[in-house]
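Structure data (compact mmCIF, N, CA and C atoms and all ligand atoms) from my_file_28.txt:
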```
# COMPACT_ATOMS: atom_id res chain seq x y z
N MET A 1387 -98.61 0.31 -86.62
CA MET A 1387 -98.15 0.04 -85.25
C MET A 1387 -96.81 0.74 -85.03
N SER A 1388 -96.68 1.42 -83.90
CA SER A 1388 -95.41 2.08 -83.61
C SER A 1388 -94.34 1.05 -83.26
N ALA A 1389 -93.09 1.49 -83.25
CA ALA A 1389 -92.00 0.55 -83.02
C ALA A 1389 -91.00 1.15 -82.03
N LEU A 1390 -90.36 0.28 -81.29
CA LEU A 1390 -89.27 0.73 -80.44
C LEU A 1390 -88.13 -0.26 -80.52
N THR A 1391 -86.93 0.23 -80.22
CA THR A 1391 -85.75 -0.62 -80.27
C THR A 1391 -85.23 -0.81 -78.85
N LEU A 1392 -85.07 -2.05 -78.47
CA LEU A 1392 -84.61 -2.36 -77.12
C LEU A 1392 -83.49 -3.37 -77.14
N ARG A 1393 -82.47 -3.13 -76.29
CA ARG A 1393 -81.52 -4.21 -76.02
C ARG A 1393 -82.35 -5.35 -75.43
N ALA A 1394 -82.01 -6.58 -75.81
CA ALA A 1394 -82.84 -7.70 -75.36
C ALA A 1394 -82.93 -7.80 -73.85
N HIS A 1395 -81.82 -7.51 -73.14
CA HIS A 1395 -81.90 -7.68 -71.68
C HIS A 1395 -82.79 -6.62 -71.03
N HIS A 1396 -83.07 -5.53 -71.74
CA HIS A 1396 -83.97 -4.53 -71.16
C HIS A 1396 -85.40 -5.05 -71.05
N LEU A 1397 -85.74 -6.09 -71.79
CA LEU A 1397 -87.05 -6.73 -71.59
C LEU A 1397 -87.15 -7.25 -70.15
N LEU A 1398 -86.02 -7.73 -69.62
CA LEU A 1398 -86.01 -8.27 -68.26
C LEU A 1398 -86.04 -7.14 -67.23
N CYS A 1399 -85.26 -6.07 -67.51
CA CYS A 1399 -85.30 -4.91 -66.60
C CYS A 1399 -86.72 -4.35 -66.51
N ALA A 1400 -87.43 -4.40 -67.65
CA ALA A 1400 -88.78 -3.84 -67.69
C ALA A 1400 -89.76 -4.61 -66.81
N LEU A 1401 -89.46 -5.89 -66.55
CA LEU A 1401 -90.38 -6.72 -65.77
C LEU A 1401 -90.70 -6.10 -64.42
N GLY A 1402 -89.67 -5.59 -63.79
CA GLY A 1402 -89.88 -5.09 -62.43
C GLY A 1402 -89.64 -3.61 -62.29
N TYR A 1403 -89.70 -2.90 -63.40
CA TYR A 1403 -89.31 -1.50 -63.36
C TYR A 1403 -90.24 -0.68 -62.45
N ARG A 1404 -89.64 0.10 -61.56
CA ARG A 1404 -90.43 0.87 -60.60
C ARG A 1404 -90.08 2.35 -60.61
N GLY A 1405 -89.65 2.84 -61.76
CA GLY A 1405 -89.50 4.28 -61.91
C GLY A 1405 -88.15 4.86 -61.53
N LEU A 1406 -87.22 4.02 -61.08
CA LEU A 1406 -85.91 4.55 -60.72
C LEU A 1406 -84.96 4.45 -61.92
N GLY A 1407 -83.77 5.05 -61.74
CA GLY A 1407 -82.81 4.99 -62.84
C GLY A 1407 -81.57 5.76 -62.48
N TYR A 1408 -80.71 5.93 -63.46
CA TYR A 1408 -79.43 6.58 -63.20
C TYR A 1408 -79.58 8.09 -63.05
N ASP A 1409 -80.57 8.66 -63.70
CA ASP A 1409 -80.94 10.07 -63.49
C ASP A 1409 -82.36 10.27 -63.99
N ALA A 1410 -82.87 11.49 -63.89
CA ALA A 1410 -84.29 11.73 -64.20
C ALA A 1410 -84.60 11.48 -65.67
N ALA A 1411 -83.71 11.89 -66.56
CA ALA A 1411 -83.96 11.71 -68.00
C ALA A 1411 -84.01 10.22 -68.33
N PHE A 1412 -83.10 9.47 -67.73
CA PHE A 1412 -83.09 8.03 -67.95
C PHE A 1412 -84.41 7.41 -67.46
N ALA A 1413 -84.80 7.79 -66.25
CA ALA A 1413 -86.01 7.19 -65.66
C ALA A 1413 -87.24 7.51 -66.51
N ARG A 1414 -87.32 8.75 -67.01
CA ARG A 1414 -88.48 9.11 -67.86
C ARG A 1414 -88.48 8.25 -69.12
N ARG A 1415 -87.33 8.08 -69.73
CA ARG A 1415 -87.25 7.30 -70.97
C ARG A 1415 -87.62 5.83 -70.70
N MET A 1416 -87.06 5.28 -69.64
CA MET A 1416 -87.34 3.89 -69.31
C MET A 1416 -88.83 3.70 -69.02
N ALA A 1417 -89.39 4.62 -68.24
CA ALA A 1417 -90.81 4.49 -67.87
C ALA A 1417 -91.69 4.53 -69.11
N SER A 1418 -91.37 5.40 -70.05
CA SER A 1418 -92.22 5.49 -71.25
C SER A 1418 -92.12 4.21 -72.08
N ARG A 1419 -90.92 3.62 -72.13
CA ARG A 1419 -90.77 2.37 -72.92
C ARG A 1419 -91.45 1.20 -72.22
N VAL A 1420 -91.40 1.17 -70.91
CA VAL A 1420 -92.07 0.10 -70.17
C VAL A 1420 -93.59 0.21 -70.37
N ARG A 1421 -94.11 1.44 -70.36
CA ARG A 1421 -95.55 1.61 -70.58
C ARG A 1421 -95.94 1.07 -71.95
N LEU A 1422 -95.16 1.40 -72.97
CA LEU A 1422 -95.45 0.91 -74.33
C LEU A 1422 -95.43 -0.62 -74.37
N LEU A 1423 -94.42 -1.19 -73.73
CA LEU A 1423 -94.31 -2.66 -73.71
C LEU A 1423 -95.54 -3.29 -73.07
N ARG A 1424 -95.94 -2.74 -71.94
CA ARG A 1424 -97.06 -3.33 -71.21
C ARG A 1424 -98.37 -3.16 -71.94
N ARG A 1425 -98.49 -2.06 -72.69
CA ARG A 1425 -99.71 -1.86 -73.47
C ARG A 1425 -99.80 -2.89 -74.59
N GLY A 1426 -98.63 -3.29 -75.11
CA GLY A 1426 -98.61 -4.41 -76.05
C GLY A 1426 -98.75 -4.05 -77.51
N GLU A 1427 -99.26 -2.87 -77.83
CA GLU A 1427 -99.50 -2.53 -79.24
C GLU A 1427 -98.29 -1.84 -79.83
N VAL A 1428 -97.16 -2.51 -79.81
CA VAL A 1428 -95.95 -1.90 -80.33
C VAL A 1428 -95.04 -3.01 -80.85
N LEU A 1429 -94.30 -2.68 -81.87
CA LEU A 1429 -93.33 -3.63 -82.41
C LEU A 1429 -92.00 -3.38 -81.71
N VAL A 1430 -91.35 -4.44 -81.24
CA VAL A 1430 -90.09 -4.29 -80.50
C VAL A 1430 -88.97 -4.91 -81.32
N ARG A 1431 -88.02 -4.06 -81.69
CA ARG A 1431 -86.84 -4.58 -82.37
C ARG A 1431 -85.79 -4.87 -81.30
N LEU A 1432 -85.39 -6.13 -81.20
CA LEU A 1432 -84.50 -6.56 -80.12
C LEU A 1432 -83.06 -6.57 -80.59
N THR A 1433 -82.20 -5.87 -79.85
CA THR A 1433 -80.81 -5.72 -80.30
C THR A 1433 -79.82 -6.14 -79.22
N ASP A 1434 -78.56 -6.16 -79.61
CA ASP A 1434 -77.48 -6.36 -78.64
C ASP A 1434 -76.54 -5.15 -78.68
N THR A 1435 -77.13 -4.00 -79.00
CA THR A 1435 -76.35 -2.75 -79.08
C THR A 1435 -77.12 -1.64 -78.36
N VAL A 1436 -76.52 -0.47 -78.35
CA VAL A 1436 -77.15 0.70 -77.72
C VAL A 1436 -78.58 0.88 -78.25
N ASP A 1437 -79.52 1.14 -77.33
CA ASP A 1437 -80.92 1.26 -77.73
C ASP A 1437 -81.50 2.60 -77.29
N GLU A 1438 -82.83 2.71 -77.34
CA GLU A 1438 -83.49 3.97 -76.99
C GLU A 1438 -83.32 4.33 -75.52
N VAL A 1439 -83.20 3.32 -74.69
CA VAL A 1439 -83.01 3.56 -73.26
C VAL A 1439 -81.57 4.02 -73.01
N CYS A 1440 -80.63 3.32 -73.60
CA CYS A 1440 -79.21 3.72 -73.46
C CYS A 1440 -79.00 5.16 -73.91
N ARG A 1441 -79.76 5.60 -74.90
CA ARG A 1441 -79.56 6.97 -75.44
C ARG A 1441 -79.75 8.03 -74.37
N ARG A 1442 -80.48 7.71 -73.31
CA ARG A 1442 -80.68 8.67 -72.21
C ARG A 1442 -79.87 8.29 -70.97
N CYS A 1443 -78.92 7.40 -71.13
CA CYS A 1443 -78.18 6.90 -69.97
C CYS A 1443 -76.86 7.65 -69.81
N PRO A 1444 -76.57 8.12 -68.59
CA PRO A 1444 -75.30 8.83 -68.37
C PRO A 1444 -74.08 7.91 -68.48
N HIS A 1445 -74.29 6.61 -68.51
CA HIS A 1445 -73.16 5.67 -68.62
C HIS A 1445 -72.82 5.31 -70.06
N ARG A 1446 -73.58 5.84 -71.00
CA ARG A 1446 -73.29 5.56 -72.41
C ARG A 1446 -72.24 6.54 -72.92
N LEU A 1447 -71.31 6.02 -73.68
CA LEU A 1447 -70.36 6.89 -74.37
C LEU A 1447 -70.38 6.46 -75.83
N GLY A 1448 -70.95 7.30 -76.68
CA GLY A 1448 -71.09 6.92 -78.08
C GLY A 1448 -71.95 5.68 -78.20
N GLU A 1449 -71.40 4.67 -78.80
CA GLU A 1449 -72.15 3.43 -79.01
C GLU A 1449 -71.77 2.37 -77.98
N GLU A 1450 -71.19 2.81 -76.86
CA GLU A 1450 -70.73 1.84 -75.86
C GLU A 1450 -71.34 2.08 -74.49
N CYS A 1451 -71.52 0.99 -73.76
CA CYS A 1451 -71.90 1.07 -72.36
C CYS A 1451 -70.62 1.15 -71.54
N ARG A 1452 -70.51 2.22 -70.74
CA ARG A 1452 -69.32 2.39 -69.90
C ARG A 1452 -69.71 2.43 -68.43
N HIS A 1453 -70.70 1.65 -68.08
CA HIS A 1453 -71.20 1.65 -66.70
C HIS A 1453 -70.10 1.26 -65.72
N ALA A 1454 -69.29 0.29 -66.09
CA ALA A 1454 -68.19 -0.19 -65.25
C ALA A 1454 -67.18 -0.87 -66.17
N PRO A 1455 -65.98 -1.11 -65.69
CA PRO A 1455 -65.02 -1.82 -66.56
C PRO A 1455 -65.61 -3.14 -67.04
N GLY A 1456 -65.53 -3.36 -68.35
CA GLY A 1456 -66.04 -4.61 -68.91
C GLY A 1456 -67.53 -4.61 -69.20
N SER A 1457 -68.22 -3.49 -68.92
CA SER A 1457 -69.68 -3.46 -69.10
C SER A 1457 -70.10 -3.73 -70.54
N GLN A 1458 -69.38 -3.12 -71.47
CA GLN A 1458 -69.78 -3.26 -72.87
C GLN A 1458 -69.89 -4.73 -73.26
N GLU A 1459 -68.87 -5.52 -72.91
CA GLU A 1459 -68.88 -6.95 -73.26
C GLU A 1459 -69.94 -7.68 -72.44
N ARG A 1460 -70.04 -7.30 -71.17
CA ARG A 1460 -70.98 -8.01 -70.29
C ARG A 1460 -72.43 -7.81 -70.73
N VAL A 1461 -72.81 -6.58 -71.03
CA VAL A 1461 -74.22 -6.36 -71.40
C VAL A 1461 -74.52 -6.97 -72.77
N ARG A 1462 -73.55 -6.92 -73.64
CA ARG A 1462 -73.79 -7.53 -74.96
C ARG A 1462 -73.95 -9.05 -74.82
N ARG A 1463 -73.12 -9.64 -73.95
CA ARG A 1463 -73.25 -11.08 -73.73
C ARG A 1463 -74.63 -11.39 -73.15
N ARG A 1464 -75.08 -10.56 -72.24
CA ARG A 1464 -76.41 -10.78 -71.64
C ARG A 1464 -77.50 -10.63 -72.70
N ASP A 1465 -77.36 -9.60 -73.55
CA ASP A 1465 -78.35 -9.42 -74.63
C ASP A 1465 -78.41 -10.68 -75.50
N ARG A 1466 -77.25 -11.21 -75.82
CA ARG A 1466 -77.23 -12.38 -76.71
C ARG A 1466 -77.80 -13.62 -76.03
N GLN A 1467 -77.56 -13.74 -74.74
CA GLN A 1467 -78.15 -14.87 -74.01
C GLN A 1467 -79.68 -14.77 -74.04
N VAL A 1468 -80.17 -13.56 -73.86
CA VAL A 1468 -81.63 -13.38 -73.87
C VAL A 1468 -82.19 -13.63 -75.27
N LEU A 1469 -81.51 -13.10 -76.28
CA LEU A 1469 -81.96 -13.32 -77.66
C LEU A 1469 -82.02 -14.82 -77.97
N ASP A 1470 -80.96 -15.54 -77.59
CA ASP A 1470 -80.94 -16.99 -77.83
C ASP A 1470 -82.11 -17.66 -77.16
N ARG A 1471 -82.33 -17.27 -75.93
CA ARG A 1471 -83.41 -17.90 -75.16
C ARG A 1471 -84.78 -17.62 -75.79
N LEU A 1472 -84.93 -16.42 -76.31
CA LEU A 1472 -86.22 -16.05 -76.91
C LEU A 1472 -86.34 -16.58 -78.34
N GLY A 1473 -85.22 -17.05 -78.88
CA GLY A 1473 -85.27 -17.64 -80.21
C GLY A 1473 -85.32 -16.64 -81.34
N VAL A 1474 -84.67 -15.48 -81.14
CA VAL A 1474 -84.66 -14.48 -82.21
C VAL A 1474 -83.22 -13.97 -82.44
N PRO A 1475 -82.88 -13.67 -83.68
CA PRO A 1475 -81.56 -13.11 -83.96
C PRO A 1475 -81.52 -11.61 -83.62
N PRO A 1476 -80.32 -11.06 -83.39
CA PRO A 1476 -80.22 -9.61 -83.13
C PRO A 1476 -80.85 -8.82 -84.28
N GLY A 1477 -81.65 -7.83 -83.92
CA GLY A 1477 -82.28 -6.99 -84.93
C GLY A 1477 -83.67 -7.44 -85.32
N ALA A 1478 -84.08 -8.62 -84.86
CA ALA A 1478 -85.43 -9.11 -85.21
C ALA A 1478 -86.49 -8.31 -84.46
N ALA A 1479 -87.65 -8.20 -85.06
CA ALA A 1479 -88.75 -7.45 -84.44
C ALA A 1479 -89.88 -8.40 -84.06
N LEU A 1480 -90.41 -8.20 -82.88
CA LEU A 1480 -91.56 -8.97 -82.42
C LEU A 1480 -92.61 -8.00 -81.91
N ASN A 1481 -93.86 -8.39 -82.03
CA ASN A 1481 -94.91 -7.67 -81.34
C ASN A 1481 -94.61 -7.74 -79.83
N ALA A 1482 -94.89 -6.65 -79.11
CA ALA A 1482 -94.57 -6.64 -77.68
C ALA A 1482 -95.26 -7.78 -76.94
N ARG A 1483 -96.49 -8.09 -77.33
CA ARG A 1483 -97.18 -9.21 -76.65
C ARG A 1483 -96.44 -10.52 -76.84
N GLU A 1484 -95.95 -10.72 -78.07
CA GLU A 1484 -95.21 -11.95 -78.36
C GLU A 1484 -93.87 -11.96 -77.59
N ALA A 1485 -93.20 -10.81 -77.51
CA ALA A 1485 -91.94 -10.75 -76.76
C ALA A 1485 -92.20 -11.11 -75.30
N ARG A 1486 -93.26 -10.55 -74.75
CA ARG A 1486 -93.57 -10.84 -73.34
C ARG A 1486 -94.01 -12.29 -73.16
N ARG A 1487 -94.72 -12.82 -74.15
CA ARG A 1487 -95.11 -14.23 -74.06
C ARG A 1487 -93.87 -15.12 -74.03
N ARG A 1488 -92.90 -14.80 -74.87
CA ARG A 1488 -91.66 -15.61 -74.89
C ARG A 1488 -90.90 -15.49 -73.58
N VAL A 1489 -90.85 -14.30 -73.02
CA VAL A 1489 -90.20 -14.16 -71.72
C VAL A 1489 -90.93 -15.03 -70.69
N ARG A 1490 -92.25 -14.95 -70.70
CA ARG A 1490 -93.05 -15.71 -69.72
C ARG A 1490 -92.79 -17.20 -69.84
N GLU A 1491 -92.71 -17.70 -71.07
CA GLU A 1491 -92.61 -19.14 -71.29
C GLU A 1491 -91.18 -19.66 -71.29
N ARG A 1492 -90.22 -18.81 -71.57
CA ARG A 1492 -88.86 -19.33 -71.77
C ARG A 1492 -87.83 -18.87 -70.73
N VAL A 1493 -88.18 -17.88 -69.94
CA VAL A 1493 -87.22 -17.38 -68.95
C VAL A 1493 -87.72 -17.73 -67.56
N GLY A 1494 -86.85 -18.35 -66.79
CA GLY A 1494 -87.21 -18.70 -65.41
C GLY A 1494 -86.27 -18.02 -64.43
N GLU A 1495 -86.53 -18.27 -63.16
CA GLU A 1495 -85.67 -17.70 -62.09
C GLU A 1495 -84.22 -18.09 -62.29
N ARG A 1496 -84.01 -19.33 -62.77
CA ARG A 1496 -82.64 -19.82 -62.94
C ARG A 1496 -81.89 -18.97 -63.97
N GLU A 1497 -82.56 -18.66 -65.08
CA GLU A 1497 -81.91 -17.82 -66.10
C GLU A 1497 -81.65 -16.42 -65.55
N LEU A 1498 -82.65 -15.86 -64.88
CA LEU A 1498 -82.45 -14.52 -64.33
C LEU A 1498 -81.24 -14.50 -63.40
N ALA A 1499 -81.13 -15.50 -62.55
CA ALA A 1499 -80.02 -15.54 -61.60
C ALA A 1499 -78.68 -15.66 -62.34
N ALA A 1500 -78.66 -16.51 -63.37
CA ALA A 1500 -77.41 -16.71 -64.11
C ALA A 1500 -76.99 -15.44 -64.85
N TRP A 1501 -77.97 -14.72 -65.38
CA TRP A 1501 -77.64 -13.56 -66.21
C TRP A 1501 -77.47 -12.28 -65.39
N CYS A 1502 -78.25 -12.13 -64.34
CA CYS A 1502 -78.44 -10.80 -63.75
C CYS A 1502 -77.97 -10.65 -62.30
N ALA A 1503 -77.42 -11.71 -61.71
CA ALA A 1503 -77.09 -11.62 -60.29
C ALA A 1503 -76.05 -10.54 -60.00
N GLU A 1504 -75.27 -10.15 -61.01
CA GLU A 1504 -74.27 -9.10 -60.76
C GLU A 1504 -74.83 -7.69 -61.00
N CYS A 1505 -76.05 -7.62 -61.44
CA CYS A 1505 -76.66 -6.31 -61.72
C CYS A 1505 -76.83 -5.54 -60.40
N PRO A 1506 -76.54 -4.23 -60.41
CA PRO A 1506 -76.68 -3.46 -59.16
C PRO A 1506 -78.10 -3.43 -58.61
N TRP A 1507 -79.09 -3.75 -59.47
CA TRP A 1507 -80.49 -3.70 -59.02
C TRP A 1507 -81.00 -5.07 -58.54
N TRP A 1508 -80.18 -6.10 -58.69
CA TRP A 1508 -80.62 -7.47 -58.42
C TRP A 1508 -81.16 -7.66 -57.01
N GLU A 1509 -80.45 -7.08 -56.03
CA GLU A 1509 -80.81 -7.32 -54.63
C GLU A 1509 -82.23 -6.86 -54.31
N ARG A 1510 -82.75 -5.94 -55.09
CA ARG A 1510 -84.11 -5.46 -54.81
C ARG A 1510 -85.17 -6.48 -55.22
N ALA A 1511 -84.77 -7.43 -56.10
CA ALA A 1511 -85.64 -8.54 -56.49
C ALA A 1511 -86.86 -8.10 -57.31
N TRP A 1512 -86.84 -6.88 -57.83
CA TRP A 1512 -88.00 -6.42 -58.57
C TRP A 1512 -88.20 -7.20 -59.87
N CYS A 1513 -87.11 -7.53 -60.54
CA CYS A 1513 -87.27 -8.28 -61.81
C CYS A 1513 -87.82 -9.68 -61.52
N ARG A 1514 -87.36 -10.31 -60.43
CA ARG A 1514 -87.86 -11.64 -60.09
C ARG A 1514 -89.35 -11.59 -59.76
N ARG A 1515 -89.72 -10.57 -59.00
CA ARG A 1515 -91.15 -10.43 -58.67
C ARG A 1515 -91.95 -10.12 -59.93
N GLY A 1516 -91.35 -9.32 -60.82
CA GLY A 1516 -92.04 -8.99 -62.07
C GLY A 1516 -92.24 -10.22 -62.93
N LEU A 1517 -91.25 -11.08 -62.96
CA LEU A 1517 -91.38 -12.31 -63.75
C LEU A 1517 -92.48 -13.20 -63.16
N ALA A 1518 -92.48 -13.31 -61.84
CA ALA A 1518 -93.52 -14.11 -61.18
C ALA A 1518 -94.90 -13.53 -61.48
N ALA A 1519 -95.01 -12.21 -61.47
CA ALA A 1519 -96.29 -11.57 -61.75
C ALA A 1519 -96.72 -11.82 -63.20
N LEU A 1520 -95.76 -11.77 -64.11
CA LEU A 1520 -96.07 -12.02 -65.53
C LEU A 1520 -96.57 -13.45 -65.71
N ARG A 1521 -95.98 -14.39 -64.98
CA ARG A 1521 -96.40 -15.79 -65.05
C ARG A 1521 -97.83 -15.94 -64.55
N HIS A 1522 -98.11 -15.23 -63.49
CA HIS A 1522 -99.42 -15.33 -62.85
C HIS A 1522 -100.50 -14.64 -63.69
N ASP A 1523 -100.12 -13.52 -64.28
CA ASP A 1523 -101.08 -12.71 -65.03
C ASP A 1523 -100.41 -12.21 -66.30
N PRO A 1524 -100.67 -12.87 -67.44
CA PRO A 1524 -100.02 -12.51 -68.70
C PRO A 1524 -100.23 -11.04 -69.10
N CYS A 1525 -101.23 -10.39 -68.50
CA CYS A 1525 -101.48 -8.98 -68.84
C CYS A 1525 -100.67 -8.04 -67.97
N PHE A 1526 -99.94 -8.59 -66.98
CA PHE A 1526 -99.17 -7.74 -66.07
C PHE A 1526 -98.22 -6.86 -66.85
S1 LIG B 1 -75.97 0.99 -68.13
FE1 LIG B 1 -75.26 0.49 -70.24
S2 LIG B 1 -76.76 -1.02 -71.04
FE2 LIG B 1 -77.67 -0.01 -69.25
S3 LIG B 1 -78.87 1.68 -70.11
FE3 LIG B 1 -76.83 2.50 -69.55
S4 LIG B 1 -75.64 2.35 -71.43
FE4 LIG B 1 -77.43 1.02 -71.71
```
What is this file in structure tokens?
Amino acid sequence: MSALTLRAHHLLCALGYRGLGYDAAFARRMASRVRLLRRGEVLVRLTDTVDEVCRRCPHRLGEECRHAPGSQERVRRRDRQVLDRLGVPPGAALNAREARRRVRERVGERELAAWCAECPWWERAWCRRGLAALRHDPCF
């Protein structure tokens, strides 16, 4: 089984991903990882550090997120909140189906709002709709 490494909060971004991003290289990378996740036959190593998506992000500098002042601490805190909620330590690997099952069963609108309301993409509500769709159809 192939494997990918994702910051834990990127599992949530993937819920409503619609092909946009910070630039074309980022969007291509994100889209390919979302496809793998949705297919389910992949091992996902969940981290609180720079991942495969960040590697194509124009806001990454070395091993840090420099999206905005304080981003590095903010995204890491979000990753850890998601890891705690999913019940896995940083660096643990789950089958993608199991990761998505845990998101479906353990993450609600309240958590998304608490963690992600400051995200620049929040107003579009794609992640909230994606979560609702995942609840309705586990294969989404
Ligand atoms: S904004 Fe930060 S956390 Fe998000 S992909 Fe870019 S480097 Fe990674």
All file atoms of ligand LIG 1 (chain B) boxed axis-aligned, 5 Å per side, centre plus edges, as lines of an AutoDock Vina configuration file:
```
center_x = -77.1
center_y = 0.7
center_z = -69.9
size_x = 13.6
size_y = 13.5
size_z = 13.6
```
*asked:* Just want the 7 Å neighbourhood of region 1512-1518 of chain A, counted on all atoms listed in the file, with same-chain residues fewer than 5 positions away dropped. Output as a list of chain:residue names.
replied: A:Leu1398, A:Cys1399, A:Ala1400, A:Leu1401, A:Gly1402, A:Tyr1403, A:Glu1495, A:Trp1507, A:Asp1523
Can I get the residues of chain A within 6.5 Å of ligand LIG 1 (chain B), each with the closest pair of atoms and their distance in Å to one decimal, using all atoms listed in the file, sorted chain first then ascending number, as CSV?
```
residue,atom,partner,partner_atom,distance
A:Val1436,CA,B:LIG1,FE4,6.0
A:Asp1437,N,B:LIG1,FE4,6.0
A:Val1439,C,B:LIG1,S3,4.6
A:Cys1440,CA,B:LIG1,FE4,3.7
A:Arg1441,N,B:LIG1,FE4,6.0
A:Cys1443,CA,B:LIG1,FE3,4.6
A:Pro1444,N,B:LIG1,FE3,5.7
A:His1445,C,B:LIG1,S4,4.3
A:Arg1446,N,B:LIG1,S4,4.1
A:Leu1447,N,B:LIG1,S4,6.1
A:Glu1450,C,B:LIG1,S4,5.3
A:Cys1451,CA,B:LIG1,FE1,4.0
A:Arg1452,N,B:LIG1,FE1,5.1
A:His1453,CA,B:LIG1,S1,5.0
A:Val1461,CA,B:LIG1,S2,5.9
```
*Just how far from atom C of Ser1388 (chain A) is atom C of Arg1425 (chain A), in Å to one decimal?*
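It comes out at 11.0 Å.
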*Mind pulling up the distance from CA of Arg1414 (chain A) to CA of Arg1490 (chain A)?*
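Result for CA of Arg1490 (chain A) versus CA of Arg1414 (chain A): 25.3 Å, one decimal.
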*Which residue out of A:Glu1491, A:Glu1427, A:Glu1438, A:Glu1449 has the minimum interatomic distance to Arg1471 (chain A) when only C-alpha atoms are used?*
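Checking each candidate against Arg1471 (chain A), we get A:Glu1491 as the closest.
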